[in-house]
Every structure is written in structure tokens, then in C-alpha cells.
Amino acid sequence: MQPINFINKSLILSLALAVASCQSVGADQTQEISQRTEANTHIQKVRAIAQQYPSLHRVGWKVCGVEKIVSLARSIENQCVESTETMLVWAATGAQKLIPTHQYTGGVQSHLFVESRGCFGVGEPSNDSQFYKSKTFLVGRFRDRDKLPKPTAQIKITQLSQQEKENVIADYISSPPETFIAGISSNYDCQPEQKWREKFARAIPPN
């Protein structure tokens, strides 16, 4: 009788393992289908946004006649600086302007504005193109304002492909950055020119 009981127990154990295995496979398949459905929904959402929104552009610049930071304790005046960060804007036109401010505490600064329909990650694109503040540069000390150079700027606009645009949107939706623009410092506040002028009217010198 001992061998028979052993065989019966072995048979029962084998059946139990088989059932558990089937249940495990079924659960894995269900999870895989669920994940696939979520992925398809995410892709459809990204494509819908990409089709609805205007073209996306990467902006770079070279600004001359400003201070260049060499170290924490040293900077050189009247230099050219180039962008090292990524800035993404909607429907850039290629137009730019530099607007100065003269402040006793902040010195002479030059603010780069780029024409577009807004910055990626900052609200919805505007209906019309406007100049948005993109970067602030220090030109020199306030007491030297009359002899400081007048800065000049060149910008480079690169349009993202449709696939690149979808990838950027997908990354943003999946994990929105803590700051309001991905990879961009607080100097990029993306304020429309008119709103910015209202705030800094007293610091903007007459033409």
C-alpha cells in the first residue's frame, strides 16, 4: 500500500503544479495584454497631441558683447557666448531681438527674445507668434553703462522631425520635469515681451 500512496501523492502534486502553471501563464498573458493596451493608448495620445500642436523647434544662439563667466570668481567683458542648453519652442520664425535693462543692483543686462508661439512645456501654444524671453546676459557694471558694448545675437533654429517631436512629447507626458521647461534654467521664463516690459519698464533705458 505504501508505493500506491506515494504514486497517488506524486500524481496529485503534478496536477497541482500543472494547474498553478496554467494559472500563472494566464495571469502573465492578462498583464501583457493590459500593458500593451496602455502602451497603445499612450502612443495614440502622443500622436494626437503632435498632430494638434504646431511644429517644434530647437533653438540655439550666439550672443556677443556680453560677460563670459570663466570661473566662480572671474568673468571677462565683451565676449561671445554660445548656448549649451536645449530650448524647445513652438513654430519659431527665426526672428530675435535683444532688449537691455539698466539696474543699479543688477548691472547692465541684455535679454534675448525669440519669436515663436511659446515654449515647450509652458502652457498651450499661442494662436499667434510673439517674442518670448529666452535668456538673460550680463553686459557689465551699471556705472560703466555709457561705455559698454552693444550686444549682438545670432540664433540657429532646427525643426524637429515628426518622430522627434512625438518622442519629446512622449517623454514629457511620461515624466514631466520638476521645472516648467525640461533642461532649462530659471533664466528661461518664457514671458511674452509685452508682459515682461510691463514688469521691467523702469529698468529699460530709452532708445
# chains A, B, ... in the order shown; residues from 1 in each chain; ligands from 1

$ residues_around --residues "segment 130-136 of chain A" --least-positions-apart "6" --cutoff "6 Å" --atoms "only C-alpha atoms" --output "list in words"
Ser110, His111, Leu112, Phe113, Val114, Glu115, Ser116, Asn187, Tyr188, Cys190, Gln191, Pro192 and Glu193 of chain A

$ select_by_dssp --residues "segment 81-126 of chain A" --states "strand (DSSP E)" --output "PyMOL selection string"
chain A and resi 81-82+87-90+96-103+107-116
